[in-house]
Each structure stands twice: as C-alpha cells, then as structure tokens.
file structure12.cif (mmCIF, C-alpha atoms, pLDDT in the B column; chains and numbers go by the auth columns)
data_input
#
loop_
_atom_site.group_PDB
_atom_site.id
_atom_site.type_symbol
_atom_site.label_atom_id
_atom_site.label_comp_id
_atom_site.label_asym_id
_atom_site.label_seq_id
_atom_site.Cartn_x
_atom_site.Cartn_y
_atom_site.Cartn_z
_atom_site.B_iso_or_equiv
_atom_site.auth_seq_id
_atom_site.auth_asym_id
ATOM 1 C CA MET A 1 99.779 118.897 106.667 91.00 78 L
ATOM 2 C CA LEU A 2 96.915 117.017 105.107 94.00 79 L
ATOM 3 C CA ALA A 3 96.359 113.323 104.465 96.00 80 L
ATOM 4 C CA VAL A 4 94.584 111.648 101.584 98.00 81 L
ATOM 5 C CA HIS A 5 93.508 108.020 101.775 98.00 82 L
ATOM 6 C CA VAL A 6 92.934 106.529 98.329 98.00 83 L
ATOM 7 C CA ARG A 7 91.058 103.238 98.400 98.00 84 L
ATOM 8 C CA CYS A 8 91.500 100.948 95.409 98.00 85 L
ATOM 9 C CA ARG A 9 89.963 97.629 94.471 98.00 86 L
ATOM 10 C CA VAL A 10 91.683 95.951 91.552 98.00 87 L
ATOM 11 C CA LEU A 11 90.688 93.068 89.325 98.00 88 L
ATOM 12 C CA PRO A 12 91.756 89.673 90.739 96.00 89 L
ATOM 13 C CA GLY A 13 94.198 89.127 87.887 98.00 90 L
ATOM 14 C CA SER A 14 95.810 92.546 88.344 98.00 91 L
ATOM 15 C CA VAL A 15 96.997 92.324 91.949 98.00 92 L
ATOM 16 C CA GLU A 16 100.706 91.815 91.182 98.00 93 L
ATOM 17 C CA ALA A 17 100.799 94.308 88.325 98.00 94 L
ATOM 18 C CA PHE A 18 99.067 96.906 90.490 98.00 95 L
ATOM 19 C CA ARG A 19 101.576 96.310 93.308 97.00 96 L
ATOM 20 C CA GLU A 20 104.497 96.846 90.945 97.00 97 L
ATOM 21 C CA ALA A 21 103.077 99.981 89.324 98.00 98 L
ATOM 22 C CA THR A 22 102.135 101.422 92.701 98.00 99 L
ATOM 23 C CA LEU A 23 105.554 100.665 94.198 96.00 100 L
ATOM 24 C CA ALA A 24 107.214 102.593 91.373 97.00 101 L
ATOM 25 C CA ASN A 25 104.878 105.532 91.979 98.00 102 L
ATOM 26 C CA ALA A 26 105.432 105.447 95.756 97.00 103 L
ATOM 27 C CA ARG A 27 109.235 105.330 95.458 95.00 104 L
ATOM 28 C CA ALA A 28 109.200 108.404 93.219 97.00 105 L
ATOM 29 C CA SER A 29 106.499 110.211 95.189 97.00 106 L
ATOM 30 C CA VAL A 30 108.383 110.176 98.503 94.00 107 L
ATOM 31 C CA GLN A 31 111.117 112.161 96.757 95.00 108 L
ATOM 32 C CA GLU A 32 108.695 115.059 96.131 96.00 109 L
ATOM 33 C CA PRO A 33 109.341 117.944 98.529 94.00 110 L
ATOM 34 C CA GLY A 34 105.628 118.284 99.257 95.00 111 L
ATOM 35 C CA ILE A 35 105.123 114.627 100.207 95.00 112 L
ATOM 36 C CA LEU A 36 105.874 113.522 103.747 92.00 113 L
ATOM 37 C CA ARG A 37 104.665 109.948 103.291 92.00 114 L
ATOM 38 C CA PHE A 38 103.291 107.747 100.579 95.00 115 L
ATOM 39 C CA ASP A 39 102.454 104.417 102.187 95.00 116 L
ATOM 40 C CA VAL A 40 100.893 101.584 100.247 97.00 117 L
ATOM 41 C CA LEU A 41 98.878 99.042 102.232 97.00 118 L
ATOM 42 C CA GLN A 42 97.191 95.805 101.161 97.00 119 L
ATOM 43 C CA GLU A 43 94.155 94.554 103.073 98.00 120 L
ATOM 44 C CA ASP A 44 94.489 91.356 105.104 97.00 121 L
ATOM 45 C CA GLY A 45 92.352 88.645 103.557 97.00 122 L
ATOM 46 C CA ALA A 46 91.392 90.829 100.580 98.00 123 L
ATOM 47 C CA PRO A 47 94.548 91.145 98.451 98.00 124 L
ATOM 48 C CA GLU A 48 92.706 93.030 95.719 98.00 125 L
ATOM 49 C CA ARG A 49 92.058 95.910 98.119 98.00 126 L
ATOM 50 C CA PHE A 50 94.716 98.571 98.674 98.00 127 L
ATOM 51 C CA VAL A 51 94.910 101.906 100.443 98.00 128 L
ATOM 52 C CA LEU A 52 97.380 104.618 99.482 98.00 129 L
ATOM 53 C CA VAL A 53 98.080 106.702 102.577 97.00 130 L
ATOM 54 C CA GLU A 54 99.391 109.981 101.222 97.00 131 L
ATOM 55 C CA VAL A 55 100.595 112.740 103.554 95.00 132 L
ATOM 56 C CA TYR A 56 101.214 116.173 102.057 95.00 133 L
ATOM 57 C CA ARG A 57 102.969 119.186 103.511 92.00 134 L
ATOM 58 C CA ALA A 58 100.622 121.877 102.156 93.00 135 L
ATOM 59 C CA PRO A 59 97.197 122.154 100.504 94.00 136 L
ATOM 60 C CA GLU A 60 98.674 122.771 97.043 96.00 137 L
ATOM 61 C CA ASP A 61 100.877 119.667 97.129 97.00 138 L
ATOM 62 C CA PRO A 62 98.285 117.078 96.000 97.00 139 L
ATOM 63 C CA ALA A 63 97.768 119.056 92.774 97.00 140 L
ATOM 64 C CA ARG A 64 101.551 119.256 92.277 98.00 141 L
ATOM 65 C CA HIS A 65 101.785 115.488 92.728 98.00 142 L
ATOM 66 C CA LYS A 66 99.237 115.006 89.968 97.00 143 L
ATOM 67 C CA GLU A 67 101.448 117.025 87.598 98.00 144 L
ATOM 68 C CA THR A 68 104.406 114.645 87.935 98.00 145 L
ATOM 69 C CA ALA A 69 105.476 112.151 85.286 98.00 146 L
ATOM 70 C CA HIS A 70 105.412 109.285 87.801 98.00 147 L
ATOM 71 C CA TYR A 71 101.797 110.026 88.732 98.00 148 L
ATOM 72 C CA ALA A 72 100.763 110.127 85.056 98.00 149 L
ATOM 73 C CA ALA A 73 102.611 106.855 84.401 98.00 150 L
ATOM 74 C CA TRP A 74 100.874 105.187 87.352 98.00 151 L
ATOM 75 C CA ARG A 75 97.428 106.535 86.424 98.00 152 L
ATOM 76 C CA ASP A 76 97.782 105.206 82.882 98.00 153 L
ATOM 77 C CA ALA A 77 99.318 101.887 83.958 98.00 154 L
ATOM 78 C CA VAL A 78 96.519 101.040 86.400 98.00 155 L
ATOM 79 C CA ALA A 79 93.608 102.414 84.360 97.00 156 L
ATOM 80 C CA ASP A 80 92.542 98.978 83.172 98.00 157 L
ATOM 81 C CA MET A 81 93.287 97.234 86.475 98.00 158 L
ATOM 82 C CA MET A 82 90.549 98.802 88.596 98.00 159 L
ATOM 83 C CA ALA A 83 87.508 96.744 89.616 98.00 160 L
ATOM 84 C CA GLU A 84 85.697 99.931 90.601 98.00 161 L
ATOM 85 C CA PRO A 85 86.432 103.671 90.647 97.00 162 L
ATOM 86 C CA ARG A 86 88.960 104.717 93.272 97.00 163 L
ATOM 87 C CA SER A 87 87.628 106.687 96.221 97.00 164 L
ATOM 88 C CA SER A 88 89.626 109.241 98.155 97.00 165 L
ATOM 89 C CA VAL A 89 89.026 110.960 101.469 97.00 166 L
ATOM 90 C CA LYS A 90 90.894 113.995 102.804 97.00 167 L
ATOM 91 C CA TYR A 91 91.836 114.410 106.448 97.00 168 L
ATOM 92 C CA GLY A 92 93.438 116.935 108.725 95.00 169 L
ATOM 93 C CA PRO A 93 95.761 115.994 111.571 94.00 170 L
ATOM 94 C CA VAL A 94 94.736 115.646 115.189 94.00 171 L
ATOM 95 C CA PHE A 95 97.856 113.775 116.295 93.00 172 L
ATOM 96 C CA PRO A 96 100.698 114.319 115.736 90.00 173 L
ATOM 97 C CA SER A 97 100.003 118.005 115.285 73.00 174 L
ATOM 98 C CA VAL A 98 103.476 119.108 114.228 60.00 175 L
ATOM 99 C CA GLU A 99 105.291 118.405 111.029 57.00 176 L
ATOM 100 C CA ALA A 100 108.140 116.687 112.834 55.00 177 L
ATOM 101 C CA GLY A 101 105.696 114.038 113.906 63.00 178 L
ATOM 102 C CA TRP A 102 104.611 113.347 110.352 72.00 179 L
ATOM 103 C CA ALA A 103 108.024 113.295 108.776 65.00 180 L
ATOM 104 C CA GLY A 104 109.829 111.469 111.569 58.00 181 L
ATOM 105 C CA ASP A 105 109.423 109.760 114.910 54.00 182 L
ATOM 106 C CA PRO A 106 105.886 110.200 116.302 59.00 183 L
ATOM 107 C CA ALA A 107 107.091 109.595 119.864 60.00 184 L
ATOM 108 C CA ALA A 108 109.265 112.692 119.530 56.00 185 L
ATOM 109 C CA ALA A 109 106.385 114.896 118.391 51.00 186 L
ATOM 110 C CA GLU A 110 105.361 117.736 120.623 47.00 187 L
ATOM 111 C CA GLU A 111 101.698 118.476 120.995 45.00 188 L
ATOM 112 C CA MET B 1 104.676 95.431 110.539 91.00 111 H
ATOM 113 C CA LEU B 2 100.922 95.626 110.294 94.00 112 H
ATOM 114 C CA ALA B 3 98.553 98.574 110.125 96.00 113 H
ATOM 115 C CA VAL B 4 95.074 98.897 111.561 98.00 114 H
ATOM 116 C CA HIS B 5 92.738 101.675 110.426 98.00 115 H
ATOM 117 C CA VAL B 6 89.976 102.309 112.942 98.00 116 H
ATOM 118 C CA ARG B 7 87.116 104.396 111.572 98.00 117 H
ATOM 119 C CA CYS B 8 84.990 106.251 114.094 98.00 118 H
ATOM 120 C CA ARG B 9 81.894 108.405 113.738 98.00 119 H
ATOM 121 C CA VAL B 10 81.017 110.282 116.892 98.00 120 H
ATOM 122 C CA LEU B 11 77.921 112.140 117.976 98.00 121 H
ATOM 123 C CA PRO B 12 77.884 115.798 116.854 97.00 122 H
ATOM 124 C CA GLY B 13 78.082 117.020 120.448 98.00 123 H
ATOM 125 C CA SER B 14 81.048 114.760 121.252 98.00 124 H
ATOM 126 C CA VAL B 15 83.597 115.921 118.686 98.00 125 H
ATOM 127 C CA GLU B 16 85.769 117.934 121.066 98.00 126 H
ATOM 128 C CA ALA B 17 85.566 115.411 123.897 98.00 127 H
ATOM 129 C CA PHE B 18 86.479 112.616 121.500 98.00 128 H
ATOM 130 C CA ARG B 19 89.459 114.586 120.206 97.00 129 H
ATOM 131 C CA GLU B 20 90.737 115.146 123.736 97.00 130 H
ATOM 132 C CA ALA B 21 90.299 111.525 124.847 98.00 131 H
ATOM 133 C CA THR B 22 91.875 110.234 121.653 98.00 132 H
ATOM 134 C CA LEU B 23 94.822 112.626 121.901 96.00 133 H
ATOM 135 C CA ALA B 24 95.563 111.305 125.392 97.00 134 H
ATOM 136 C CA ASN B 25 95.417 107.741 124.104 98.00 135 H
ATOM 137 C CA ALA B 26 97.633 108.522 121.101 97.00 136 H
ATOM 138 C CA ARG B 27 100.279 110.280 123.186 95.00 137 H
ATOM 139 C CA ALA B 28 100.533 107.266 125.497 97.00 138 H
ATOM 140 C CA SER B 29 100.281 104.702 122.698 97.00 139 H
ATOM 141 C CA VAL B 30 103.288 105.990 120.743 94.00 140 H
ATOM 142 C CA GLN B 31 105.377 105.226 123.827 95.00 141 H
ATOM 143 C CA GLU B 32 104.556 101.495 123.538 96.00 142 H
ATOM 144 C CA PRO B 33 107.496 99.535 122.131 94.00 143 H
ATOM 145 C CA GLY B 34 105.195 97.664 119.751 95.00 144 H
ATOM 146 C CA ILE B 35 103.655 100.791 118.235 95.00 145 H
ATOM 147 C CA LEU B 36 105.444 102.557 115.380 92.00 146 H
ATOM 148 C CA ARG B 37 102.722 105.129 114.753 92.00 147 H
ATOM 149 C CA PHE B 38 99.382 106.127 116.157 95.00 148 H
ATOM 150 C CA ASP B 39 98.054 108.901 113.957 95.00 149 H
ATOM 151 C CA VAL B 40 94.676 110.483 114.537 97.00 150 H
ATOM 152 C CA LEU B 41 92.990 112.075 111.515 97.00 151 H
ATOM 153 C CA GLN B 42 89.762 114.051 111.226 97.00 152 H
ATOM 154 C CA GLU B 43 87.849 114.063 107.947 98.00 153 H
ATOM 155 C CA ASP B 44 87.662 117.302 105.956 97.00 154 H
ATOM 156 C CA GLY B 45 84.091 118.533 105.919 97.00 155 H
ATOM 157 C CA ALA B 46 82.898 115.812 108.304 98.00 156 H
ATOM 158 C CA PRO B 47 84.373 116.673 111.712 98.00 157 H
ATOM 159 C CA GLU B 48 82.498 113.858 113.417 98.00 158 H
ATOM 160 C CA ARG B 49 84.484 111.299 111.382 98.00 159 H
ATOM 161 C CA PHE B 50 87.927 110.190 112.534 98.00 160 H
ATOM 162 C CA VAL B 51 90.415 107.539 111.493 98.00 161 H
ATOM 163 C CA LEU B 52 93.011 106.118 113.862 98.00 162 H
ATOM 164 C CA VAL B 53 95.973 104.970 111.772 97.00 163 H
ATOM 165 C CA GLU B 54 97.763 102.476 113.983 97.00 164 H
ATOM 166 C CA VAL B 55 101.036 100.862 112.888 95.00 165 H
ATOM 167 C CA TYR B 56 102.309 97.911 114.914 95.00 166 H
ATOM 168 C CA ARG B 57 105.671 96.227 114.871 92.00 167 H
ATOM 169 C CA ALA B 58 104.450 92.612 115.247 93.00 168 H
ATOM 170 C CA PRO B 59 101.193 90.637 115.054 94.00 169 H
ATOM 171 C CA GLU B 60 100.917 90.323 118.837 96.00 170 H
ATOM 172 C CA ASP B 61 101.230 94.060 119.443 97.00 171 H
ATOM 173 C CA PRO B 62 97.569 95.066 118.850 97.00 172 H
ATOM 174 C CA ALA B 63 96.495 92.688 121.641 97.00 173 H
ATOM 175 C CA ARG B 64 99.184 94.139 123.927 98.00 174 H
ATOM 176 C CA HIS B 65 97.911 97.631 123.181 98.00 175 H
ATOM 177 C CA LYS B 66 94.424 96.575 124.289 97.00 176 H
ATOM 178 C CA GLU B 67 95.840 95.475 127.659 98.00 177 H
ATOM 179 C CA THR B 68 97.179 98.940 128.516 98.00 178 H
ATOM 180 C CA ALA B 69 95.598 101.303 131.008 98.00 179 H
ATOM 181 C CA HIS B 70 95.481 104.131 128.444 98.00 180 H
ATOM 182 C CA TYR B 71 93.538 101.972 125.988 98.00 181 H
ATOM 183 C CA ALA B 72 91.029 100.985 128.670 98.00 182 H
ATOM 184 C CA ALA B 73 90.630 104.615 129.741 98.00 183 H
ATOM 185 C CA TRP B 74 90.019 105.684 126.128 98.00 184 H
ATOM 186 C CA ARG B 75 87.575 102.844 125.437 98.00 185 H
ATOM 187 C CA ASP B 76 85.527 103.748 128.506 98.00 186 H
ATOM 188 C CA ALA B 77 85.724 107.505 127.906 98.00 187 H
ATOM 189 C CA VAL B 78 84.434 107.299 124.330 98.00 188 H
ATOM 190 C CA ALA B 79 81.865 104.537 124.858 97.00 189 H
ATOM 191 C CA ASP B 80 78.939 106.979 124.938 98.00 190 H
ATOM 192 C CA MET B 81 80.334 109.260 122.224 98.00 191 H
ATOM 193 C CA MET B 82 79.998 106.901 119.266 98.00 192 H
ATOM 194 C CA ALA B 83 77.286 107.503 116.648 98.00 193 H
ATOM 195 C CA GLU B 84 77.832 103.980 115.313 98.00 194 H
ATOM 196 C CA PRO B 85 80.064 101.009 116.107 97.00 195 H
ATOM 197 C CA ARG B 86 83.714 101.517 115.181 97.00 196 H
ATOM 198 C CA SER B 87 85.024 99.534 112.236 97.00 197 H
ATOM 199 C CA SER B 88 88.583 98.396 111.824 97.00 198 H
ATOM 200 C CA VAL B 89 90.520 97.020 108.875 98.00 199 H
ATOM 201 C CA LYS B 90 93.935 95.331 108.998 97.00 200 H
ATOM 202 C CA TYR B 91 96.577 95.840 106.347 97.00 201 H
ATOM 203 C CA GLY B 92 100.025 94.580 105.474 95.00 202 H
ATOM 204 C CA PRO B 93 102.735 96.800 104.018 94.00 203 H
ATOM 205 C CA VAL B 94 103.577 97.104 100.336 94.00 204 H
ATOM 206 C CA PHE B 95 105.620 100.305 100.677 93.00 205 H
ATOM 207 C CA PRO B 96 107.707 101.047 102.593 90.00 206 H
ATOM 208 C CA SER B 97 108.632 97.429 103.102 73.00 207 H
ATOM 209 C CA VAL B 98 111.217 97.893 105.837 61.00 208 H
ATOM 210 C CA GLU B 99 110.726 98.947 109.400 57.00 209 H
ATOM 211 C CA ALA B 100 112.965 101.991 109.003 55.00 210 H
ATOM 212 C CA GLY B 101 110.473 103.326 106.530 63.00 211 H
ATOM 213 C CA TRP B 102 107.636 102.983 109.006 73.00 212 H
ATOM 214 C CA ALA B 103 109.411 104.379 112.024 65.00 213 H
ATOM 215 C CA GLY B 104 111.299 107.143 110.268 58.00 214 H
ATOM 216 C CA ASP B 105 111.858 108.876 106.968 54.00 215 H
ATOM 217 C CA PRO B 106 110.077 107.078 104.116 59.00 216 H
ATOM 218 C CA ALA B 107 112.406 108.597 101.517 60.00 217 H
ATOM 219 C CA ALA B 108 115.277 106.785 103.240 56.00 218 H
ATOM 220 C CA ALA B 109 113.569 103.399 103.108 51.00 219 H
ATOM 221 C CA GLU B 110 115.145 100.724 101.013 47.00 220 H
ATOM 222 C CA GLU B 111 112.881 98.450 99.076 44.00 221 H
#

call {"tool": "encode", "arguments": {"input": "structure12.cif", "output": "structure tokens"}}
result
Amino acid sequence: MLAVHVRCRVLPGSVEAFREATLANARASVQEPGILRFDVLQEDGAPERFVLVEVYRAPEDPARHKETAHYAAWRDAVADMMAEPRSSVKYGPVFPSVEAGWAGDPAAAEE
Amino acid sequence: MLAVHVRCRVLPGSVEAFREATLANARASVQEPGILRFDVLQEDGAPERFVLVEVYRAPEDPARHKETAHYAAWRDAVADMMAEPRSSVKYGPVFPSVEAGWAGDPAAAEE
C-alpha cells in the first residue's frame, strides 16, 4: 500500500467546475483494482484548496491510474482551472499496516 | 464528517519512538465512536515527516478525542520529539459524500 496526497489550489471562479470534474474522476478511480481509496477533500475556510487522498495497492498502480481515460479526461478538464501547479507527496503506511485496514474498517485492522 | 490532517516533523533521533507512540494512539483512537479513521502515514524519502489523517463523524468529535487518556499520553510522549510545531488543516468531504464511504468500502459509496 502507498498513499499519494495531491494538493490543488484552483482559481476562485473554478471551484464548482473543479469539484464536478474531480467527482467524476474519483467515482471512476475507486473502481480500479489498484485503488483502495480516492477521497476528495475541500479545505475549511479555503474552498479553492483541495486534497486528493489516493491510496494504492501496489507501487505500479499510480502509473496505471495515469493511463486511464478518466484520469486523462480529468487532467485535461482541470488544466485551465489551477491557480498554481499541483503538488503531490508519497507516503507509506504506519497504521493501519494491513490491507484490510485500508480497504475496510480500520478498527478491525490487525497490527 | 470532517477530516483533520496533522503534519508532524520529528527529530531525526525520535523517528522510531514517535512511530511507537503514535501507533498506540491510533489503535486506541479508532475505537472511539466519533472516529471513522485514524491513519498514520510516513513520507517517502523523509522518514521524519508524518501525517495523521483523522476522520471524525461530527464537528464535536475532535474535541472529544482530545479529552481521552490515549490522546493525553501521546501528546506528552511526543512533546520532546518534535522538530517543529505540528500543523493541522481541517477539511470537508467532496467524495465520498456519505458516511458509508468513509467507514467502509469507497467503491460502494453512493453519491
């Protein structure tokens, strides 16, 4: 398992359009076998700031995600909405440590 | 539902001790009724950087978490391990939008 947090700041006039495009991408992404989660969060008090919290099963899965049609559609749709370049940070898991904890109920995860 | 991302940078000599203290806190925290997730992530290539990805059921739940014995024990244990003050950012959900998606399988979430 690995996580990628993608931080986005969009133009003030693009907040709703970015939400819609990102929702479409998230709904399709969670159907990918290599994606355990694809959460989209919007910052309190700063609606133009979003974080995509992507959780992948294996190291090759982020590259596979970027080959999908829904990723390409999202990338193109939001290209002119960004107020600054997106930043992304990769993480490894400390807790939960087992896949069951990432795909399901964290309280049920064994450590 | 609300999410809180707590970013921590610890002293180089405190990485393992921080992991252990934070694991204990996470294991206890996911048992709280108001906590849907309490993930602990460690940055690739920067092992002294962690993010706590906390997902709460209701706006009053973060304050309840801070009243628990396990939170107090963690706060005290890590007080001298920090390389800089922790920062935290609050987020609201865009996707999944329903609680089932946060507590369980995101692919099963309705939007």

call {"tool": "atom_distance", "arguments": {"input": "structure12.cif", "atom1": "atom CA of Val161 of chain H", "atom2": "atom CA of Arg119 of chain H"}}
result
8.9 Å

call {"tool": "residues_around", "arguments": {"input": "structure12.cif", "residues": "Thr178 of chain H", "least_positions_apart": "2", "cutoff": "12 Å", "atoms": "all atoms listed in the file", "output": "MDAnalysis selection string"}}
result
chainID H and resid 135 138:139 141:142 144 171:176 180:185

call {"tool": "resolve_selection", "arguments": {"input": "structure12.cif", "expression": "the PyMOL selection byres ((chain L) within 8 of (chain H))", "output": "PyMOL selection string"}}
result
chain L and resi 80+96+100+103-104+107-108+113-121+166-173+180-184

call {"tool": "axis_aligned_box", "arguments": {"input": "structure12.cif", "around": "segment 97-115 of chain L", "padding_each_side": "6 Å", "output": "AutoDock Vina command-line options"}}
result
--center_x 106.6 --center_y 107.6 --center_z 96.5 --size_x 21.0 --size_y 33.4 --size_z 26.4

call {"tool": "atom_distance", "arguments": {"input": "structure12.cif", "atom1": "atom CA of Val132 of chain L", "atom2": "atom CA of Ser164 of chain L"}}
result
16.1 Å

call {"tool": "resolve_selection", "arguments": {"input": "structure12.cif", "expression": "the PyMOL selection byres ((chain L and resi 160) around 8)", "output": "list of chain:residue names"}}
result
L:Arg86, L:Val87, L:Leu88, L:Met158, L:Met159, L:Glu161, L:Pro162

call {"tool": "closest_residue", "arguments": {"input": "structure12.cif", "among": "H:Pro143, H:Met111, H:Ser198, H:Ala189", "to": "Ala168 of chain H", "atoms": "all atoms listed in the file"}}
result
H:Met111

call {"tool": "atom_distance", "arguments": {"input": "structure12.cif", "atom1": "atom CA of Arg163 of chain L", "atom2": "atom CA of Arg196 of chain H"}}
result
22.8 Å

call {"tool": "decode", "arguments": {"input": "structure12.cif", "residues": "segment 140-218 of chain H", "atoms": "C-alpha atoms", "output": "PDB file, in the first residue's frame"}}
result
ATOM      1  CA  VAL H 140     -10.070   4.042  16.102  1.00  0.00           C
ATOM      2  CA  GLN H 141     -12.088   2.575  18.973  1.00  0.00           C
ATOM      3  CA  GLU H 142     -13.687   5.985  19.675  1.00  0.00           C
ATOM      4  CA  PRO H 143     -17.263   6.129  18.385  1.00  0.00           C
ATOM      5  CA  GLY H 144     -16.637   9.544  16.837  1.00  0.00           C
ATOM      6  CA  ILE H 145     -13.580   8.466  14.852  1.00  0.00           C
ATOM      7  CA  LEU H 146     -14.045   6.826  11.451  1.00  0.00           C
ATOM      8  CA  ARG H 147     -10.348   6.629  10.610  1.00  0.00           C
ATOM      9  CA  PHE H 148      -7.033   7.457  12.176  1.00  0.00           C
ATOM     10  CA  ASP H 149      -4.382   6.704   9.586  1.00  0.00           C
ATOM     11  CA  VAL H 150      -0.713   7.328  10.226  1.00  0.00           C
ATOM     12  CA  LEU H 151       1.483   7.908   7.168  1.00  0.00           C
ATOM     13  CA  GLN H 152       5.237   8.373   6.860  1.00  0.00           C
ATOM     14  CA  GLU H 153       6.656  10.363   3.954  1.00  0.00           C
ATOM     15  CA  ASP H 154       8.683   8.530   1.305  1.00  0.00           C
ATOM     16  CA  GLY H 155      12.272   9.699   1.458  1.00  0.00           C
ATOM     17  CA  ALA H 156      11.671  11.842   4.550  1.00  0.00           C
ATOM     18  CA  PRO H 157      11.133   9.409   7.435  1.00  0.00           C
ATOM     19  CA  GLU H 158      10.995  12.207   9.984  1.00  0.00           C
ATOM     20  CA  ARG H 159       7.798  13.537   8.357  1.00  0.00           C
ATOM     21  CA  PHE H 160       4.424  12.052   9.266  1.00  0.00           C
ATOM     22  CA  VAL H 161       0.807  12.893   8.550  1.00  0.00           C
ATOM     23  CA  LEU H 162      -2.035  11.820  10.817  1.00  0.00           C
ATOM     24  CA  VAL H 163      -5.164  11.512   8.677  1.00  0.00           C
ATOM     25  CA  GLU H 164      -8.014  11.776  11.150  1.00  0.00           C
ATOM     26  CA  VAL H 165     -11.636  11.377  10.036  1.00  0.00           C
ATOM     27  CA  TYR H 166     -14.356  12.342  12.506  1.00  0.00           C
ATOM     28  CA  ARG H 167     -18.053  11.664  12.409  1.00  0.00           C
ATOM     29  CA  ALA H 168     -19.241  15.042  13.778  1.00  0.00           C
ATOM     30  CA  PRO H 169     -17.838  18.516  14.488  1.00  0.00           C
ATOM     31  CA  GLU H 170     -17.673  17.910  18.242  1.00  0.00           C
ATOM     32  CA  ASP H 171     -15.652  14.710  17.911  1.00  0.00           C
ATOM     33  CA  PRO H 172     -12.147  16.252  17.594  1.00  0.00           C
ATOM     34  CA  ALA H 173     -12.623  17.956  20.980  1.00  0.00           C
ATOM     35  CA  ARG H 174     -13.814  14.657  22.484  1.00  0.00           C
ATOM     36  CA  HIS H 175     -10.723  12.937  21.120  1.00  0.00           C
ATOM     37  CA  LYS H 176      -8.537  15.498  22.900  1.00  0.00           C
ATOM     38  CA  GLU H 177     -10.210  14.608  26.213  1.00  0.00           C
ATOM     39  CA  THR H 178      -9.163  10.945  26.051  1.00  0.00           C
ATOM     40  CA  ALA H 179      -6.392   9.406  28.111  1.00  0.00           C
ATOM     41  CA  HIS H 180      -4.687   7.997  24.996  1.00  0.00           C
ATOM     42  CA  TYR H 181      -4.523  11.443  23.394  1.00  0.00           C
ATOM     43  CA  ALA H 182      -3.020  12.957  26.543  1.00  0.00           C
ATOM     44  CA  ALA H 183      -0.479  10.134  26.780  1.00  0.00           C
ATOM     45  CA  TRP H 184       0.523  10.640  23.132  1.00  0.00           C
ATOM     46  CA  ARG H 185       0.740  14.430  23.455  1.00  0.00           C
ATOM     47  CA  ASP H 186       3.027  14.125  26.474  1.00  0.00           C
ATOM     48  CA  ALA H 187       5.109  11.299  24.992  1.00  0.00           C
ATOM     49  CA  VAL H 188       5.888  13.169  21.769  1.00  0.00           C
ATOM     50  CA  ALA H 189       6.295  16.647  23.265  1.00  0.00           C
ATOM     51  CA  ASP H 190      10.101  16.480  23.162  1.00  0.00           C
ATOM     52  CA  MET H 191      10.265  14.643  19.829  1.00  0.00           C
ATOM     53  CA  MET H 192       9.009  17.430  17.576  1.00  0.00           C
ATOM     54  CA  ALA H 193      11.443  19.263  15.276  1.00  0.00           C
ATOM     55  CA  GLU H 194       8.840  21.989  14.740  1.00  0.00           C
ATOM     56  CA  PRO H 195       5.299  22.734  15.901  1.00  0.00           C
ATOM     57  CA  ARG H 196       2.661  20.447  14.403  1.00  0.00           C
ATOM     58  CA  SER H 197       0.318  21.977  11.854  1.00  0.00           C
ATOM     59  CA  SER H 198      -3.221  20.864  11.249  1.00  0.00           C
ATOM     60  CA  VAL H 199      -5.699  21.563   8.471  1.00  0.00           C
ATOM     61  CA  LYS H 200      -9.436  20.813   8.527  1.00  0.00           C
ATOM     62  CA  TYR H 201     -11.332  19.578   5.503  1.00  0.00           C
ATOM     63  CA  GLY H 202     -14.871  18.746   4.496  1.00  0.00           C
ATOM     64  CA  PRO H 203     -15.749  15.846   2.214  1.00  0.00           C
ATOM     65  CA  VAL H 204     -16.368  16.100  -1.516  1.00  0.00           C
ATOM     66  CA  PHE H 205     -16.059  12.363  -2.208  1.00  0.00           C
ATOM     67  CA  PRO H 206     -17.211  10.059  -0.814  1.00  0.00           C
ATOM     68  CA  SER H 207     -20.108  12.143   0.398  1.00  0.00           C
ATOM     69  CA  VAL H 208     -21.795   9.540   2.578  1.00  0.00           C
ATOM     70  CA  GLU H 209     -20.643   8.074   5.830  1.00  0.00           C
ATOM     71  CA  ALA H 210     -20.612   4.538   4.438  1.00  0.00           C
ATOM     72  CA  GLY H 211     -17.908   5.643   2.077  1.00  0.00           C
ATOM     73  CA  TRP H 212     -15.763   6.912   4.920  1.00  0.00           C
ATOM     74  CA  ALA H 213     -16.232   3.998   7.264  1.00  0.00           C
ATOM     75  CA  GLY H 214     -16.138   1.245   4.675  1.00  0.00           C
ATOM     76  CA  ASP H 215     -15.658   0.473   1.017  1.00  0.00           C
ATOM     77  CA  PRO H 216     -15.419   3.653  -1.072  1.00  0.00           C
ATOM     78  CA  ALA H 217     -16.455   1.817  -4.241  1.00  0.00           C
ATOM     79  CA  ALA H 218     -19.775   1.054  -2.541  1.00  0.00           C
TER      80      ALA H 218
END
